[in-house]
Amino acid sequence: MRVVDLETWPRRHHFAKFNGFADPRFDMCVPVEVAPFRRAFKEQGLPLTAGIVYVITRSANEIPEFRSRIRGDIVVEHEIVHPSLTILATGDLFSFCHVDYQQDFALFARDFVAQAGAVKAEPTLAEQPWRDDEFFMSALPWVAFTAFHHPMPTIPADSIPRFAWGRVTAHGDEMAMPLEVQGHHALMDGLHLARFYEKAQAYFLQPESFLA
């Protein structure tokens, strides 16, 4: 992790402007093509949710703005950020599930399945308030939404990016999945979200790039 020098940071003026907003977060929801991804995962018997979380996490980690966080009056940039997602447990309730990110998908999927199983057995909403090297994620496979907004704490300020994805809809040979991203405008712009979508779409179209 490094502390960003706010005096020389090219984004310092944008940071100063948007960090003072009452609600500086912004959202984007885009349908991504996932047919090759789903086909490869089903043929190999791999867990689809682990794959979606992996693609999102890997894509976001490749963009520095997604690894940046606001801590009071300073900005830090993490080297690696890990996924924390909601897992459906019992009685229509969900549980939080943290998984350490590993670029080796086989290792990541193994740990994901183990952690998801553990929190389903013992659901928890416990968080580590000091930790901000995470991405927050939610899956809503029951609806193909076109917009989404996350509940957010206001005190202290929260600059952790959020992601959500929904039901896949088939259109001929293509399969579209809604993928939503929420970012903090003091740290990133629409351009950075567009770069994220470009990377994620590439992985969904070529899953062999990380399954090999």
# chains A, B, ... in the order shown; residues from 1 in each chain; ligands from 1

$ residues_around --residues "Val81 of chain A" --least-positions-apart "4" --cutoff "7 Å" --atoms "only C-alpha atoms" --output "ChimeraX atom specification"
/A:61,67,133-135

$ write_last_selection --atoms "N, CA and C atoms" --output "compact mmCIF listing (two decimals), in the first residue's frame"
# COMPACT_ATOMS: atom_id res chain seq x y z
N ASN A 61 -8.81 -4.96 -10.14
CA ASN A 61 -7.45 -4.85 -9.61
C ASN A 61 -6.47 -4.33 -10.64
N ARG A 67 -8.36 0.52 -6.84
CA ARG A 67 -7.61 0.10 -5.65
C ARG A 67 -7.34 1.25 -4.69
N ASP A 133 -9.41 -2.77 1.99
CA ASP A 133 -8.83 -3.41 0.81
C ASP A 133 -9.79 -4.48 0.29
N GLU A 134 -11.05 -4.07 0.05
CA GLU A 134 -12.08 -4.98 -0.40
C GLU A 134 -12.91 -4.34 -1.51
N PHE A 135 -13.57 -5.20 -2.28
CA PHE A 135 -14.64 -4.81 -3.18
C PHE A 135 -15.91 -5.46 -2.63

$ residues_around --residues "Phe21 of chain A" --least-positions-apart "3" --cutoff "12 Å" --atoms "only C-alpha atoms" --output "NGL selection string"
:A and (14-18 or 24-26 or 154 or 157 or 184-186)

$ select_by_dssp --residues "segment 100-164 of chain A" --states "strand (DSSP E or B)" --output "MDAnalysis selection string"
chainID A and resid 134:140 162:164

$ closest_residue --among "A:Gly172, A:Pro178, A:Pro36, A:Pro83" --to "Asp111 of chain A" --atoms "only C-alpha atoms"
A:Pro83

$ residues_around --residues "Tyr203 of chain A" --least-positions-apart "6" --cutoff "10 Å" --atoms "only C-alpha atoms" --output "PyMOL selection string"
chain A and resi 34+36-37+52+54-56+58-59+197+209-210

$ select_by_dssp --residues "segment 12-186 of chain A" --states "helix (DSSP H, G or I)" --output "ChimeraX atom specification"
/A:12-18,35-44,48-61,64-67,105-121

$ write_last_selection --atoms "C-alpha atoms" --output "mmCIF file, in the first residue's frame"
data_model
loop_
_atom_site.group_PDB
_atom_site.id
_atom_site.type_symbol
_atom_site.label_atom_id
_atom_site.label_comp_id
_atom_site.auth_asym_id
_atom_site.auth_seq_id
_atom_site.Cartn_x
_atom_site.Cartn_y
_atom_site.Cartn_z
ATOM 1 C CA ARG A 12 -5.983 16.547 -6.678
ATOM 2 C CA HIS A 13 -8.414 19.190 -7.967
ATOM 3 C CA HIS A 14 -11.066 16.614 -8.885
ATOM 4 C CA PHE A 15 -10.585 14.984 -5.490
ATOM 5 C CA ALA A 16 -11.052 18.270 -3.657
ATOM 6 C CA LYS A 17 -14.203 19.084 -5.617
ATOM 7 C CA PHE A 18 -16.063 15.785 -5.459
ATOM 8 C CA ALA A 35 -22.018 -16.974 -23.395
ATOM 9 C CA PRO A 36 -18.395 -18.175 -23.885
ATOM 10 C CA PHE A 37 -17.772 -17.876 -20.132
ATOM 11 C CA ARG A 38 -20.867 -19.883 -19.149
ATOM 12 C CA ARG A 39 -20.204 -22.505 -21.799
ATOM 13 C CA ALA A 40 -16.607 -23.064 -20.669
ATOM 14 C CA PHE A 41 -17.572 -23.216 -16.993
ATOM 15 C CA LYS A 42 -20.405 -25.692 -17.567
ATOM 16 C CA GLU A 43 -18.240 -27.928 -19.753
ATOM 17 C CA GLN A 44 -15.567 -28.060 -17.051
ATOM 18 C CA LEU A 48 -20.133 -19.941 -12.053
ATOM 19 C CA THR A 49 -20.370 -17.536 -9.121
ATOM 20 C CA ALA A 50 -16.696 -18.039 -8.284
ATOM 21 C CA GLY A 51 -15.899 -17.243 -11.903
ATOM 22 C CA ILE A 52 -17.970 -14.059 -11.965
ATOM 23 C CA VAL A 53 -16.414 -12.842 -8.712
ATOM 24 C CA TYR A 54 -12.960 -13.685 -10.069
ATOM 25 C CA VAL A 55 -13.472 -11.778 -13.342
ATOM 26 C CA ILE A 56 -14.799 -8.708 -11.527
ATOM 27 C CA THR A 57 -11.995 -8.766 -8.961
ATOM 28 C CA ARG A 58 -9.230 -9.335 -11.479
ATOM 29 C CA SER A 59 -10.522 -6.630 -13.831
ATOM 30 C CA ALA A 60 -10.886 -4.063 -11.042
ATOM 31 C CA ASN A 61 -7.454 -4.846 -9.610
ATOM 32 C CA PRO A 64 -5.360 1.740 -9.964
ATOM 33 C CA GLU A 65 -8.390 3.928 -9.339
ATOM 34 C CA PHE A 66 -10.350 0.887 -8.163
ATOM 35 C CA ARG A 67 -7.615 0.096 -5.647
ATOM 36 C CA PHE A 105 -8.202 -19.183 -10.660
ATOM 37 C CA ALA A 106 -8.022 -22.796 -9.465
ATOM 38 C CA LEU A 107 -6.720 -21.680 -6.072
ATOM 39 C CA PHE A 108 -9.219 -18.829 -5.873
ATOM 40 C CA ALA A 109 -12.163 -21.104 -6.742
ATOM 41 C CA ARG A 110 -11.074 -23.664 -4.150
ATOM 42 C CA ASP A 111 -10.989 -21.019 -1.406
ATOM 43 C CA PHE A 112 -14.224 -19.437 -2.626
ATOM 44 C CA VAL A 113 -16.165 -22.693 -2.371
ATOM 45 C CA ALA A 114 -14.750 -23.350 1.105
ATOM 46 C CA GLN A 115 -15.544 -19.863 2.410
ATOM 47 C CA ALA A 116 -19.033 -19.818 0.890
ATOM 48 C CA GLY A 117 -19.792 -23.166 2.500
ATOM 49 C CA ALA A 118 -18.559 -21.934 5.874
ATOM 50 C CA VAL A 119 -20.719 -18.794 5.939
ATOM 51 C CA LYS A 120 -23.793 -20.701 4.755
ATOM 52 C CA ALA A 121 -23.335 -23.014 7.733
#

$ closest_residue --among "A:Pro47, A:Pro31, A:Pro123, A:Pro151" --to "Trp165 of chain A" --atoms "only C-alpha atoms"
A:Pro31

$ residues_around --residues "Val3 of chain A" --least-positions-apart "4" --cutoff "10 Å" --atoms "only C-alpha atoms" --output "count of residues only"
8

$ closest_residue --among "A:Ala176, A:Met28, A:Ala200, A:Met1" --to "Arg162 of chain A" --atoms "only C-alpha atoms"
A:Met28

$ closest_residue --among "A:Ala144, A:Val168, A:Leu211, A:Val181" --to "Ala194 of chain A" --atoms "only C-alpha atoms"
A:Val181

$ closest_residue --among "A:Pro161, A:Leu88, A:Gln182, A:Ala126" --to "Pro141 of chain A" --atoms "only C-alpha atoms"
A:Leu88

$ closest_residue --among "A:Gly183, A:Arg131, A:Leu125, A:Leu93" --to "His150 of chain A" --atoms "only C-alpha atoms"
A:Gly183

$ decode --residues "segment 92-125 of chain A" --atoms "C-alpha atoms" --output "compact mmCIF listing (two decimals), in the first residue's frame"
# COMPACT_ATOMS: atom_id res chain seq x y z
CA ASP A 92 -34.04 -16.00 2.60
CA LEU A 93 -31.32 -14.19 4.55
CA PHE A 94 -27.83 -13.44 3.32
CA SER A 95 -24.40 -13.59 4.86
CA PHE A 96 -21.17 -11.73 4.16
CA CYS A 97 -18.36 -13.78 2.66
CA HIS A 98 -14.76 -12.55 2.30
CA VAL A 99 -12.37 -14.38 -0.03
CA ASP A 100 -8.70 -13.59 -0.53
CA TYR A 101 -7.99 -12.83 -4.18
CA GLN A 102 -5.48 -15.01 -5.99
CA GLN A 103 -4.68 -14.64 -9.67
CA ASP A 104 -4.53 -18.43 -10.03
CA PHE A 105 -8.20 -19.18 -10.66
CA ALA A 106 -8.02 -22.80 -9.46
CA LEU A 107 -6.72 -21.68 -6.07
CA PHE A 108 -9.22 -18.83 -5.87
CA ALA A 109 -12.16 -21.10 -6.74
CA ARG A 110 -11.07 -23.66 -4.15
CA ASP A 111 -10.99 -21.02 -1.41
CA PHE A 112 -14.22 -19.44 -2.63
CA VAL A 113 -16.17 -22.69 -2.37
CA ALA A 114 -14.75 -23.35 1.11
CA GLN A 115 -15.54 -19.86 2.41
CA ALA A 116 -19.03 -19.82 0.89
CA GLY A 117 -19.79 -23.17 2.50
CA ALA A 118 -18.56 -21.93 5.87
CA VAL A 119 -20.72 -18.79 5.94
CA LYS A 120 -23.79 -20.70 4.75
CA ALA A 121 -23.33 -23.01 7.73
CA GLU A 122 -22.80 -20.09 10.12
CA PRO A 123 -24.23 -16.87 8.61
CA THR A 124 -22.67 -13.61 9.75
CA LEU A 125 -22.94 -9.90 9.08
